[in-house]
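Reading through the structure tokens given below for one structure.
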Amino acid sequence: MSARRVPLWRVTILALAAIFFLGPLAASVDFSLQQENGRYGFQNYVDIVSNRDLRDALFKSLEIAAITAIVVVVLMLPTVVLVRLRLPRLTLLLESATVLPIVVPPIVLAAGLAQLQGSAPLWLVKLWFDHPLTGLTPIYVVLALPFTYRAIDTGLAAIDLRTLVEASRSLGASWLQTLTRVVLPNVETAVLGAIFLTIALCLGEVVISTIMLYVTLPVKLIQVGQTSPGISVALSVVGLLFVFLLLFALSFAAGRRRGSTSVRVI
Amino acid sequence: MLPFTVYVLLFLGLPLYVVVHGSLTTDSNQLTWHNFSQSFTQPQYGTAFEHSLILSAWTALVGAIFGTWLAAAVVAGKPGGLLRRTVSSASGVLAYFAGVPLAFAFIATLGRAPGGVVTGWLQDVGIDLYAHGFNISSMFGVGLAYVYFQIPMMVILITPALEGLRPQWREAAESLGASRLGYLRHVAIPVMTPAFVGALLILFGNAFSAYATALALVGQTIPLVPAEINAAISGNVLVSSDRIALTLGVEMIAIVLIIMVGYGLVARRARRWLG
């Protein structure tokens, strides 16, 4: 290869991608800095903090995201470990079950839930749908299953799970201790990757929450955008950068360990 | 295993059962095909499926081509380099999070002047996009926004396959006298084709199921299947609209299922070379 020259086909697509993807971001920053009085300033960003409804929606979404991330890991890590060690016959079943959420579009899941909300017994409706936390978290866990399963499975494939677990068990550790103190630290980056994507998914999901009439962050974002687009654009910029930094930081955490950082979607 | 099974049955199986059951029954719980025949005879639903399929097809194709090109440019760089980290993180953001923020970034960029920044610039130099028929709420505008998550999704999907192309294959081809183009034509492209087609199918399904961006940009009035379902649930159409929503849902699932079966077949071939 000629001395460190970057070939034309690479430069072309990288430049195109930079314009295509960074252009709208720059335009959004510009747009969000234009105030209602016609001058440039940070009013829209100040309004994000001072808008009570928006803040409530943000905290609600963060709460849902945190709980969803915990539930999905607590549900999947033991299951995948168990299937790998004891029940390899069920691998195919697990794989199929975790592909299902990709096959069912969110809007269809929402339609089913809306129907359930209208026809299920009252006690169930009260228990399940009265609060966004109970209404959305279980469903978001389902949406996060595909990539969580694949991330954890890939992580476990890279370590000598059987030896680790047997060593831990024979030294007298309980199953719970083995999972939390031995297995989890060894698949830390895989789990972290799944957690961050789950958070991104929960903060971004809008279709189901719209249909179910829960006012989460993206739902509020659309509502606010109809009267004051500046605030919504400002918050969009903040959101995009926040999630980007989250994943970017993860790529460094993962870089220190062995194993791929890329996410398997399917 | 038990908690997982119960969980999936309860929170995925139950809503799914409700959808399928509802599409096959009348309000008095009698088995019927009426909902399906109604969904086939009402022209608005046919139009919605047509639009959804066309939108999914072209955004998948554009996303797949540029996504592969971009991924190839990134994979050719240093493995732990800044470019790689940046592109892979940005892809994650756009593919998983960006629906609504993407819509707003789009409004800020190409919205009707004086709002949209780029629309405004172009108007200053004498090009009026909206006078030429462009509109971010149109089918083309929404599709353009979809490309913003289709390309990153393609990068995520195709990068592992590109990483699986072994340098030895290129060296072998070159030492046997193959040109750059010859290597591409006879080695790289044939090996990559199943992975590419598989990813293309996933992108198609991705766009077909997606609604967030269209919801934020347009709402219920765009003729796409998810929007029709939304309108039907919200009761903005005339007759037995709940059932129509569920029926359209079953039809959507059927289409995605066909795509996924196709993917399964292609993926098996893709693994032959790129394990």
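Identifiers in this document derive from the order of the structure tokens: chains are assigned A, B, ..., residues are numbered from 1 separately in each chain, and ligands are numbered from 1 in order of occurrence.
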ask   = Excluding same-chain residues fewer than 3 positions from segment 179-195 of chain B, what lies within 6 Å of it counting only C-alpha atoms, as a PyMOL selection string?
value = chain B and resi 198+266+270
Each residue of chain A with at least one atom at most 6 Å from chain B should appear once, together with its nearest atom pair and the corresponding distance in Å (one decimal); atoms considered: only C-alpha atoms; ordering: chain, then increasing residue number; output as a Markdown table.
```
| residue | atom | partner | partner_atom | distance |
| --- | --- | --- | --- | --- |
| A:Arg10 | CA | B:Ala73 | CA | 4.9 |
| A:Ile13 | CA | B:Leu70 | CA | 5.9 |
| A:Pro24 | CA | B:Thr109 | CA | 5.4 |
| A:Ala27 | CA | B:Thr109 | CA | 5.3 |
| A:Ser28 | CA | B:Ala108 | CA | 5.2 |
| A:Phe31 | CA | B:Ala108 | CA | 5.8 |
| A:Thr79 | CA | B:Met1 | CA | 5.5 |
| A:Val103 | CA | B:Val256 | CA | 5.6 |
| A:Val104 | CA | B:Ile253 | CA | 5.6 |
| A:Pro105 | CA | B:Ser209 | CA | 4.8 |
| A:Val108 | CA | B:Gly249 | CA | 5.0 |
| A:Gly112 | CA | B:Pro15 | CA | 4.6 |
| A:Leu113 | CA | B:Pro15 | CA | 5.6 |
| A:Ala200 | CA | B:Phe97 | CA | 5.0 |
| A:Leu201 | CA | B:Phe97 | CA | 5.4 |
| A:Gly204 | CA | B:Phe97 | CA | 4.6 |
| A:Val206 | CA | B:Ala212 | CA | 6.0 |
| A:Val207 | CA | B:Ala212 | CA | 5.8 |
| A:Val233 | CA | B:Phe104 | CA | 5.4 |
| A:Ser236 | CA | B:Pro101 | CA | 4.5 |
| A:Phe244 | CA | B:Val93 | CA | 5.8 |
| A:Leu247 | CA | B:Ser89 | CA | 5.2 |
| A:Phe248 | CA | B:Ser89 | CA | 5.3 |
```
If you count only C-alpha atoms, which residues fall within 9 Å of segment 131-139 of chain B, apart from same-chain ones fewer than 4 positions away, as a PDB file with C-alpha atoms, in the first residue's frame?
```pdb
ATOM      1  CA  HIS B  51     -47.244   2.171   0.533  1.00  0.00           C
ATOM      2  CA  LEU B  55     -41.388   2.393   1.521  1.00  0.00           C
ATOM      3  CA  PHE B 106     -35.453  16.359  10.335  1.00  0.00           C
ATOM      4  CA  ILE B 107     -37.984  19.112  10.979  1.00  0.00           C
ATOM      5  CA  LEU B 110     -35.723  20.266   6.070  1.00  0.00           C
ATOM      6  CA  GLY B 111     -38.955  21.580   7.559  1.00  0.00           C
ATOM      7  CA  ARG B 112     -40.879  24.242   5.711  1.00  0.00           C
ATOM      8  CA  ILE B 127     -34.040  26.902  -4.618  1.00  0.00           C
ATOM      9  CA  GLY B 143     -38.686   7.526   3.685  1.00  0.00           C
ATOM     10  CA  LEU B 144     -35.716   9.865   3.688  1.00  0.00           C
ATOM     11  CA  ALA B 145     -35.977  10.025   7.489  1.00  0.00           C
ATOM     12  CA  ALA B 214     -43.664   8.564  10.906  1.00  0.00           C
ATOM     13  CA  LEU B 217     -43.510  13.552  11.566  1.00  0.00           C
ATOM     14  CA  VAL B 218     -47.064  12.984  10.368  1.00  0.00           C
ATOM     15  CA  ILE B 222     -50.060   8.921   6.560  1.00  0.00           C
ATOM     16  CA  PRO B 223     -51.206   5.879   4.512  1.00  0.00           C
TER      17      PRO B 223
END
```
request  = Write out as a PyMOL selection string all residues of segment 121-203 of chain B that DSSP puts in alpha helix (DSSP H) for this structure's backbone.
outcome  = chain B and resi 121-124+139-164+167-175+180-183+189-203
message = If we count only C-alpha atoms and set the cut-off at 12 Å, which residues sit around Thr47 of chain B, ignoring sequence neighbours fewer than 5 positions away in its own chain? Please answer as number ranges by chain.
response = B: 39-42, 52-54, 222-225, 228
task = Skip Ser61 of chain A itself and residues of its chain fewer than 2 positions away, then list as a VMD selection string all residues within 6 Å of it, counting only C-alpha atoms.
result = chain A and resid 58 to 59 63 to 64 203 216 to 217
ask   = Leaving out Asn186 of chain A and any residue of its chain fewer than 6 positions from it, which residues lie within 12 Å of it when counting only C-alpha atoms, given as JSON, numbers by chain?
value = {"A": [77, 152, 154, 155, 156, 157, 158, 159, 160, 161, 164, 165, 178, 179, 180, 192, 254, 257, 258, 259]}
